[in-house]
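Engineer: Structure file upload-v8.pdb (PDB, C-alpha atoms) is given on the next line.
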ATOM      1  CA  MET A   1      88.724 168.716 -68.661  1.00  0.00           C
ATOM      2  CA  LYS A   2      87.838 169.789 -72.201  1.00  0.00           C
ATOM      3  CA  VAL A   3      89.100 166.673 -73.941  1.00  0.00           C
ATOM      4  CA  THR A   4      87.860 163.993 -71.541  1.00  0.00           C
ATOM      5  CA  ALA A   5      84.607 165.423 -70.201  1.00  0.00           C
ATOM      6  CA  CYS A   6      83.149 168.748 -71.240  1.00  0.00           C
ATOM      7  CA  LEU A   7      83.490 169.171 -75.010  1.00  0.00           C
ATOM      8  CA  ASN A   8      85.258 166.483 -77.009  1.00  0.00           C
ATOM      9  CA  PRO A   9      83.214 163.499 -75.743  1.00  0.00           C
ATOM     10  CA  LEU A  10      80.025 165.422 -76.488  1.00  0.00           C
ATOM     11  CA  HIS A  11      81.299 166.355 -79.943  1.00  0.00           C
ATOM     12  CA  THR A  12      82.108 162.728 -80.759  1.00  0.00           C
ATOM     13  CA  ALA A  13      78.703 161.535 -79.559  1.00  0.00           C
ATOM     14  CA  LEU A  14      77.020 164.143 -81.757  1.00  0.00           C
ATOM     15  CA  ALA A  15      79.262 163.195 -84.681  1.00  0.00           C
ATOM     16  CA  ILE A  16      78.359 159.512 -84.453  1.00  0.00           C
ATOM     17  CA  PHE A  17      74.630 159.960 -84.029  1.00  0.00           C
ATOM     18  CA  GLY A  18      74.539 162.952 -86.349  1.00  0.00           C
ATOM     19  CA  ASN A  19      75.760 160.767 -89.192  1.00  0.00           C
ATOM     20  CA  LEU A  20      73.270 158.041 -88.357  1.00  0.00           C
ATOM     21  CA  LEU A  21      70.361 160.480 -88.136  1.00  0.00           C
ATOM     22  CA  GLY A  22      71.232 162.499 -91.218  1.00  0.00           C
ATOM     23  CA  TYR A  23      72.373 165.767 -89.684  1.00  0.00           C
ATOM     24  CA  GLN A  24      74.735 168.140 -91.481  1.00  0.00           C
ATOM     25  CA  PHE A  25      75.675 170.506 -88.655  1.00  0.00           C
ATOM     26  CA  ILE A  26      76.332 170.132 -84.945  1.00  0.00           C
ATOM     27  CA  TRP A  27      74.170 173.144 -84.098  1.00  0.00           C
ATOM     28  CA  GLU A  28      71.196 171.370 -85.674  1.00  0.00           C
ATOM     29  CA  GLU A  29      71.679 168.405 -83.377  1.00  0.00           C
ATOM     30  CA  ILE A  30      71.545 170.478 -80.203  1.00  0.00           C
ATOM     31  CA  ALA A  31      68.002 171.466 -81.186  1.00  0.00           C
ATOM     32  CA  ASP A  32      67.090 167.757 -81.200  1.00  0.00           C
ATOM     33  CA  ASN A  33      65.761 166.964 -77.721  1.00  0.00           C
ATOM     34  CA  ASP A  34      66.846 163.321 -77.871  1.00  0.00           C
ATOM     35  CA  LEU A  35      70.439 164.181 -78.755  1.00  0.00           C
ATOM     36  CA  LEU A  36      70.525 167.077 -76.317  1.00  0.00           C
ATOM     37  CA  GLY A  37      69.375 164.692 -73.586  1.00  0.00           C
ATOM     38  CA  LEU A  38      72.070 162.240 -74.611  1.00  0.00           C
ATOM     39  CA  VAL A  39      74.955 164.713 -74.397  1.00  0.00           C
ATOM     40  CA  LYS A  40      73.660 166.324 -71.205  1.00  0.00           C
ATOM     41  CA  ASN A  41      73.584 162.949 -69.482  1.00  0.00           C
ATOM     42  CA  LEU A  42      76.936 162.063 -70.969  1.00  0.00           C
ATOM     43  CA  GLY A  43      78.487 165.261 -69.674  1.00  0.00           C
ATOM     44  CA  TYR A  44      76.677 166.140 -66.456  1.00  0.00           C
ATOM     45  CA  ARG A  45      75.721 162.684 -65.219  1.00  0.00           C
ATOM     46  CA  GLU A  46      78.734 160.555 -66.168  1.00  0.00           C
ATOM     47  CA  ALA A  47      81.785 162.740 -66.854  1.00  0.00           C
ATOM     48  CA  LEU A  48      81.512 165.713 -64.496  1.00  0.00           C
ATOM     49  CA  PRO A  49      81.423 163.667 -61.253  1.00  0.00           C
ATOM     50  CA  VAL A  50      84.906 162.270 -61.933  1.00  0.00           C
ATOM     51  CA  VAL A  51      86.624 164.938 -64.057  1.00  0.00           C
ATOM     52  CA  LYS A  52      89.711 166.642 -62.637  1.00  0.00           C
ATOM     53  CA  ASP A  53      89.061 170.300 -61.894  1.00  0.00           C
ATOM     54  CA  PRO A  54      91.984 172.368 -63.261  1.00  0.00           C
ATOM     55  CA  GLY A  55      91.060 175.282 -61.001  1.00  0.00           C
ATOM     56  CA  ILE A  56      91.512 177.963 -63.637  1.00  0.00           C
ATOM     57  CA  LEU A  57      88.131 177.245 -65.187  1.00  0.00           C
ATOM     58  CA  HIS A  58      85.704 175.005 -63.338  1.00  0.00           C
ATOM     59  CA  PRO A  59      84.050 172.127 -65.219  1.00  0.00           C
ATOM     60  CA  LYS A  60      80.390 172.900 -64.507  1.00  0.00           C
ATOM     61  CA  PRO A  61      80.369 176.519 -65.774  1.00  0.00           C
ATOM     62  CA  PHE A  62      82.490 175.408 -68.723  1.00  0.00           C
ATOM     63  CA  ILE A  63      80.094 172.700 -69.879  1.00  0.00           C
ATOM     64  CA  ASP A  64      77.166 175.060 -69.255  1.00  0.00           C
ATOM     65  CA  LEU A  65      78.759 177.571 -71.612  1.00  0.00           C
ATOM     66  CA  LEU A  66      79.456 174.942 -74.243  1.00  0.00           C
ATOM     67  CA  LEU A  67      75.948 173.514 -74.239  1.00  0.00           C
ATOM     68  CA  ASN A  68      74.150 176.842 -74.067  1.00  0.00           C
ATOM     69  CA  GLN A  69      76.314 178.965 -76.352  1.00  0.00           C
ATOM     70  CA  ARG A  70      79.103 177.143 -78.168  1.00  0.00           C
ATOM     71  CA  LEU A  71      77.358 174.070 -79.583  1.00  0.00           C
ATOM     72  CA  PRO A  72      74.104 175.817 -80.619  1.00  0.00           C
ATOM     73  CA  ASN A  73      76.020 178.624 -82.388  1.00  0.00           C
ATOM     74  CA  ARG A  74      75.022 178.607 -86.067  1.00  0.00           C
ATOM     75  CA  ASN A  75      78.110 180.646 -86.949  1.00  0.00           C
ATOM     76  CA  ILE A  76      80.350 177.693 -86.037  1.00  0.00           C
ATOM     77  CA  PRO A  77      79.999 175.334 -89.022  1.00  0.00           C
ATOM     78  CA  ASP A  78      81.125 172.136 -87.272  1.00  0.00           C
ATOM     79  CA  THR A  79      79.848 169.050 -89.047  1.00  0.00           C
ATOM     80  CA  PRO A  80      79.360 165.528 -87.677  1.00  0.00           C
ATOM     81  CA  GLN A  81      81.223 164.247 -90.726  1.00  0.00           C
ATOM     82  CA  ARG A  82      84.378 166.232 -89.905  1.00  0.00           C
ATOM     83  CA  ILE A  83      84.309 165.447 -86.206  1.00  0.00           C
ATOM     84  CA  ALA A  84      83.846 161.719 -86.905  1.00  0.00           C
ATOM     85  CA  THR A  85      87.264 161.639 -88.598  1.00  0.00           C
ATOM     86  CA  ASP A  86      89.744 159.282 -86.866  1.00  0.00           C
ATOM     87  CA  THR A  87      87.265 158.332 -84.154  1.00  0.00           C
ATOM     88  CA  SER A  88      89.111 155.085 -83.408  1.00  0.00           C
ATOM     89  CA  GLN A  89      92.118 157.178 -82.373  1.00  0.00           C
ATOM     90  CA  LYS A  90      90.081 159.377 -80.021  1.00  0.00           C
ATOM     91  CA  LEU A  91      87.928 156.998 -77.979  1.00  0.00           C
ATOM     92  CA  SER A  92      90.580 156.006 -75.440  1.00  0.00           C
ATOM     93  CA  ILE A  93      90.991 159.630 -74.403  1.00  0.00           C
ATOM     94  CA  ARG A  94      87.479 160.980 -74.854  1.00  0.00           C
ATOM     95  CA  TYR A  95      85.785 158.103 -73.001  1.00  0.00           C
ATOM     96  CA  GLY A  96      88.511 155.818 -71.719  1.00  0.00           C
ATOM     97  CA  VAL A  97      89.753 158.348 -69.173  1.00  0.00           C
ATOM     98  CA  THR A  98      86.312 158.676 -67.600  1.00  0.00           C
ATOM     99  CA  ILE A  99      85.881 154.902 -67.616  1.00  0.00           C
ATOM    100  CA  GLN A 100      89.240 154.570 -65.842  1.00  0.00           C
ATOM    101  CA  HIS A 101      88.154 157.060 -63.171  1.00  0.00           C
ATOM    102  CA  TYR A 102      85.141 154.837 -62.453  1.00  0.00           C
ATOM    103  CA  LEU A 103      87.419 151.800 -62.236  1.00  0.00           C
ATOM    104  CA  ASP A 104      89.840 153.554 -59.897  1.00  0.00           C
ATOM    105  CA  ASP A 105      87.208 154.902 -57.498  1.00  0.00           C
ATOM    106  CA  PRO A 106      86.028 152.234 -55.005  1.00  0.00           C
ATOM    107  CA  GLN A 107      82.845 154.279 -54.467  1.00  0.00           C
ATOM    108  CA  ARG A 108      81.880 154.022 -58.151  1.00  0.00           C
ATOM    109  CA  SER A 109      81.201 151.268 -60.648  1.00  0.00           C
ATOM    110  CA  VAL A 110      81.289 151.074 -64.440  1.00  0.00           C
ATOM    111  CA  ASP A 111      77.931 149.317 -64.090  1.00  0.00           C
ATOM    112  CA  ASP A 112      76.468 152.780 -63.441  1.00  0.00           C
ATOM    113  CA  LEU A 113      77.507 154.010 -66.898  1.00  0.00           C
ATOM    114  CA  GLU A 114      74.761 154.045 -69.526  1.00  0.00           C
ATOM    115  CA  PHE A 115      75.534 156.824 -71.975  1.00  0.00           C
ATOM    116  CA  ILE A 116      79.197 156.078 -72.611  1.00  0.00           C
ATOM    117  CA  PRO A 117      78.292 152.462 -73.520  1.00  0.00           C
ATOM    118  CA  LEU A 118      75.501 153.796 -75.737  1.00  0.00           C
ATOM    119  CA  VAL A 119      77.930 156.068 -77.583  1.00  0.00           C
ATOM    120  CA  LEU A 120      80.447 153.241 -78.019  1.00  0.00           C
ATOM    121  CA  ALA A 121      77.673 151.005 -79.342  1.00  0.00           C
ATOM    122  CA  GLY A 122      76.640 153.871 -81.613  1.00  0.00           C
ATOM    123  CA  TRP A 123      80.145 154.011 -83.024  1.00  0.00           C
ATOM    124  CA  CYS A 124      80.048 150.290 -83.814  1.00  0.00           C
ATOM    125  CA  ARG A 125      76.643 150.863 -85.439  1.00  0.00           C
ATOM    126  CA  TYR A 126      78.162 153.763 -87.409  1.00  0.00           C
ATOM    127  CA  LEU A 127      80.804 151.382 -88.793  1.00  0.00           C
ATOM    128  CA  LEU A 128      78.077 149.500 -90.665  1.00  0.00           C
ATOM    129  CA  GLY A 129      77.873 152.502 -93.000  1.00  0.00           C
ATOM    130  CA  VAL A 130      74.075 152.748 -93.186  1.00  0.00           C
ATOM    131  CA  ASP A 131      71.953 155.400 -91.529  1.00  0.00           C
ATOM    132  CA  ASP A 132      68.802 155.036 -89.452  1.00  0.00           C
ATOM    133  CA  GLN A 133      66.733 154.698 -92.623  1.00  0.00           C
ATOM    134  CA  GLY A 134      68.947 151.951 -94.006  1.00  0.00           C
ATOM    135  CA  GLN A 135      70.602 154.232 -96.565  1.00  0.00           C
ATOM    136  CA  ALA A 136      74.339 153.988 -97.177  1.00  0.00           C
ATOM    137  CA  PHE A 137      76.459 157.011 -96.291  1.00  0.00           C
ATOM    138  CA  THR A 138      80.140 157.871 -96.617  1.00  0.00           C
ATOM    139  CA  LEU A 139      82.103 157.227 -93.463  1.00  0.00           C
ATOM    140  CA  SER A 140      84.767 159.701 -92.411  1.00  0.00           C
ATOM    141  CA  PRO A 141      88.446 158.778 -92.830  1.00  0.00           C
ATOM    142  CA  ASP A 142      89.876 156.585 -90.080  1.00  0.00           C
ATOM    143  CA  PRO A 143      93.063 154.485 -90.143  1.00  0.00           C
ATOM    144  CA  LEU A 144      91.219 151.471 -88.694  1.00  0.00           C
ATOM    145  CA  LEU A 145      88.090 151.787 -90.798  1.00  0.00           C
ATOM    146  CA  LYS A 146      88.696 148.893 -93.190  1.00  0.00           C
ATOM    147  CA  PRO A 147      89.779 146.269 -90.612  1.00  0.00           C
ATOM    148  CA  LEU A 148      86.951 147.249 -88.267  1.00  0.00           C
ATOM    149  CA  GLN A 149      84.350 147.080 -91.003  1.00  0.00           C
ATOM    150  CA  LYS A 150      85.716 143.697 -92.021  1.00  0.00           C
ATOM    151  CA  LYS A 151      85.036 142.372 -88.508  1.00  0.00           C
ATOM    152  CA  LEU A 152      81.425 143.533 -88.818  1.00  0.00           C
ATOM    153  CA  ALA A 153      80.934 142.515 -92.449  1.00  0.00           C
ATOM    154  CA  GLU A 154      78.275 139.896 -91.638  1.00  0.00           C
ATOM    155  CA  VAL A 155      76.229 142.232 -89.439  1.00  0.00           C
ATOM    156  CA  HIS A 156      73.465 144.265 -91.037  1.00  0.00           C
ATOM    157  CA  LEU A 157      70.365 146.239 -90.167  1.00  0.00           C
ATOM    158  CA  GLY A 158      67.787 143.756 -88.874  1.00  0.00           C
ATOM    159  CA  PHE A 159      70.464 141.194 -87.904  1.00  0.00           C
ATOM    160  CA  HIS A 160      69.126 138.690 -85.360  1.00  0.00           C
ATOM    161  CA  GLY A 161      72.218 136.587 -84.723  1.00  0.00           C
ATOM    162  CA  ASP A 162      74.696 136.637 -81.851  1.00  0.00           C
ATOM    163  CA  VAL A 163      76.614 139.918 -82.090  1.00  0.00           C
ATOM    164  CA  HIS A 164      79.187 138.938 -79.451  1.00  0.00           C
ATOM    165  CA  GLN A 165      81.422 137.036 -81.868  1.00  0.00           C
ATOM    166  CA  TYR A 166      81.662 140.124 -84.084  1.00  0.00           C
ATOM    167  CA  LEU A 167      81.959 142.787 -81.401  1.00  0.00           C
ATOM    168  CA  GLN A 168      84.240 141.018 -78.938  1.00  0.00           C
ATOM    169  CA  PRO A 169      87.421 141.406 -81.041  1.00  0.00           C
ATOM    170  CA  ILE A 170      86.670 145.129 -81.286  1.00  0.00           C
ATOM    171  CA  LEU A 171      85.556 145.799 -77.718  1.00  0.00           C
ATOM    172  CA  SER A 172      88.527 143.936 -76.257  1.00  0.00           C
ATOM    173  CA  ASN A 173      90.997 146.200 -78.066  1.00  0.00           C
ATOM    174  CA  LYS A 174      92.797 148.218 -75.394  1.00  0.00           C
ATOM    175  CA  GLU A 175      94.417 150.488 -77.951  1.00  0.00           C
ATOM    176  CA  ILE A 176      90.998 151.710 -79.063  1.00  0.00           C
ATOM    177  CA  PHE A 177      89.211 151.975 -75.721  1.00  0.00           C
ATOM    178  CA  GLY A 178      91.997 152.162 -73.144  1.00  0.00           C
ATOM    179  CA  ASN A 179      90.680 148.965 -71.553  1.00  0.00           C
ATOM    180  CA  ASP A 180      89.411 145.578 -72.619  1.00  0.00           C
ATOM    181  CA  LEU A 181      85.719 146.424 -72.271  1.00  0.00           C
ATOM    182  CA  ASP A 182      84.741 142.779 -71.856  1.00  0.00           C
ATOM    183  CA  ALA A 183      87.281 142.299 -69.082  1.00  0.00           C
ATOM    184  CA  ILE A 184      86.037 145.312 -67.100  1.00  0.00           C
ATOM    185  CA  GLY A 185      82.376 144.396 -67.482  1.00  0.00           C
ATOM    186  CA  LEU A 186      81.220 146.974 -70.026  1.00  0.00           C
ATOM    187  CA  GLY A 187      81.197 144.775 -73.113  1.00  0.00           C
ATOM    188  CA  THR A 188      77.811 143.207 -72.383  1.00  0.00           C
ATOM    189  CA  LYS A 189      76.136 146.604 -72.025  1.00  0.00           C
ATOM    190  CA  VAL A 190      77.694 147.883 -75.270  1.00  0.00           C
ATOM    191  CA  GLU A 191      76.436 144.741 -77.028  1.00  0.00           C
ATOM    192  CA  HIS A 192      72.966 145.286 -75.540  1.00  0.00           C
ATOM    193  CA  TYR A 193      72.785 148.787 -76.987  1.00  0.00           C
ATOM    194  CA  PHE A 194      74.279 147.689 -80.300  1.00  0.00           C
ATOM    195  CA  LYS A 195      71.589 145.030 -80.712  1.00  0.00           C
ATOM    196  CA  ALA A 196      68.941 147.670 -80.052  1.00  0.00           C
ATOM    197  CA  LEU A 197      70.518 150.037 -82.584  1.00  0.00           C
ATOM    198  CA  ILE A 198      70.490 147.487 -85.422  1.00  0.00           C
ATOM    199  CA  LYS A 199      66.930 146.190 -85.014  1.00  0.00           C
ATOM    200  CA  GLY A 200      65.728 147.991 -88.113  1.00  0.00           C
ATOM    201  CA  LYS A 201      64.811 151.386 -89.483  1.00  0.00           C
ATOM    202  CA  ASN A 202      64.399 154.105 -86.833  1.00  0.00           C
ATOM    203  CA  ALA A 203      66.074 151.889 -84.222  1.00  0.00           C
ATOM    204  CA  VAL A 204      68.781 154.492 -83.589  1.00  0.00           C
ATOM    205  CA  ARG A 205      66.230 157.211 -82.870  1.00  0.00           C
ATOM    206  CA  GLU A 206      64.153 154.906 -80.682  1.00  0.00           C
ATOM    207  CA  THR A 207      67.150 153.645 -78.710  1.00  0.00           C
ATOM    208  CA  VAL A 208      68.479 157.120 -77.960  1.00  0.00           C
ATOM    209  CA  LYS A 209      65.020 158.401 -77.029  1.00  0.00           C
ATOM    210  CA  ASN A 210      64.254 155.414 -74.788  1.00  0.00           C
ATOM    211  CA  THR A 211      67.644 155.460 -73.068  1.00  0.00           C
ATOM    212  CA  VAL A 212      67.386 159.157 -72.265  1.00  0.00           C
ATOM    213  CA  ALA A 213      63.846 158.660 -70.945  1.00  0.00           C
ATOM    214  CA  GLU A 214      64.517 155.499 -68.952  1.00  0.00           C
ATOM    215  CA  LYS A 215      68.133 155.844 -67.815  1.00  0.00           C
ATOM    216  CA  GLY A 216      68.767 159.560 -67.928  1.00  0.00           C
ATOM    217  CA  ILE A 217      68.259 162.517 -65.675  1.00  0.00           C
ATOM    218  CA  ALA A 218      65.961 165.301 -66.877  1.00  0.00           C
ATOM    219  CA  PHE A 219      67.822 168.586 -67.111  1.00  0.00           C
ATOM    220  CA  ALA A 220      66.280 172.037 -67.392  1.00  0.00           C
ATOM    221  CA  LYS A 221      66.533 173.570 -70.843  1.00  0.00           C
TER
END
Using structure tokens, write down the structure from this file.
Structural biologist:
Amino acid sequence: MKVTACLNPLHTALAIFGNLLGYQFIWEEIADNDLLGLVKNLGYREALPVVKDPGILHPKPFIDLLLNQRLPNRNIPDTPQRIATDTSQKLSIRYGVTIQHYLDDPQRSVDDLEFIPLVLAGWCRYLLGVDDQGQAFTLSPDPLLKPLQKKLAEVHLGFHGDVHQYLQPILSNKEIFGNDLDAIGLGTKVEHYFKALIKGKNAVRETVKNTVAEKGIAFAK
């Protein structure tokens, strides 16, 4: 419950977008309405409906506690830079499990997912190593960092070419995502968000804001 739905996926989303938007602490990000909307939709809208309830602690009160007390706590010095470490090794658990639940449930469809694809696109955008203002930043250690960056070497901020040829070898990697995202129908949506995220300066902020407004559910503060 914690690792696949209520905390770790939210942490990774904040780590990715925190780096791109220049944040130094996770608690700062929770005060950002765009990022708060992102993680609320990620958790409440997409993960909670399919997470397994362990019974000892129910998912809804747990995520409520995390979002209202744990993540905003200034005394917990979590940084997006630390949490972004080894992200390629975490995605199959933190998002792949939820994706698999949608695949396994005949009443659900991965086509309904918006915020998981946005986060995965954000991670690919993160791999470019430039923030939302086009400034280079230091990426966190990751065993796949160099080969992944090599696949995206020709992509840059403001790139107008076909991103599929660069993203497909990454998105089809089952070891990273738990599934071949192209094969299950999520690759196109990830590419759509990636193209939006690389349009130019401030594209990350605009894409997150617009996706929360247009695709998300409004949650009470």
Engineer: With all atoms listed in the file as the basis for distance, which of A:Ile56, A:Leu118, A:Ser140, A:Asp105 is at the shortest distance from Ala15 of chain A?
Structural biologist: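 Nearest to Ala15 of chain A: A:Ser140.
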Engineer: Counting only C-alpha atoms, what is within 8 Å of segment 157-170 of chain A, bar same-chain residues fewer than 2 positions away, as a list in words?
Structural biologist: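 Using only C-alpha atoms, the neighbours found are Gly134, Leu148, Lys151, Leu152, Val155, Ser172, Asn173, Asp182, Gly187, Glu191, Lys195, Ile198, Lys199, Gly200 and Lys201 of chain A.
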Engineer: Between A:Thr207, A:Gln89, A:Gln81, A:Gln24, which is the closest to Leu145 of chain A once you count all atoms listed in the file?
Structural biologist: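 Answer, going by the shortest atom-to-atom distance: A:Gln89.
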Engineer: Between atom CA of Asn8 of chain A and atom CA of Asp53 of chain A, what is the spacing in Å?
Structural biologist: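 Pair atom CA of Asp53 of chain A / atom CA of Asn8 of chain A returns 16.0 Å.
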Engineer: Near segment 77-79 of chain A, within 9 Å and counting all atoms listed in the file, which residues show up once chain neighbours fewer than 3 positions away are dropped, as a list in words?
Structural biologist: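 So, after excluding close chain neighbours, the residues are Ala15, Gly18, Tyr23, Gln24, Phe25, Ile26, Trp27, Leu71, Asn73, Arg74, Arg82, Ile83 and Ala84 of chain A.
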Engineer: Mind dumping the selected residues with C-alpha atoms as a compact mmCIF listing (two decimals), keeping the file's coordinate frame?
Structural biologist:
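again_5.txt was written with the following content:
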# COMPACT_ATOMS: atom_id res chain seq x y z
CA ALA A 15 79.26 163.20 -84.68
CA GLY A 18 74.54 162.95 -86.35
CA TYR A 23 72.37 165.77 -89.68
CA GLN A 24 74.74 168.14 -91.48
CA PHE A 25 75.68 170.51 -88.66
CA ILE A 26 76.33 170.13 -84.94
CA TRP A 27 74.17 173.14 -84.10
CA LEU A 71 77.36 174.07 -79.58
CA ASN A 73 76.02 178.62 -82.39
CA ARG A 74 75.02 178.61 -86.07
CA ARG A 82 84.38 166.23 -89.90
CA ILE A 83 84.31 165.45 -86.21
CA ALA A 84 83.85 161.72 -86.90
Engineer: Which is closest to Val190 of chain A among A:Leu57, A:Ile116, A:Val212, A:Val204, if we use all atoms listed in the file?
Structural biologist: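 When distances to Val190 of chain A are compared using all atoms listed in the file, the smallest one comes from A:Ile116.
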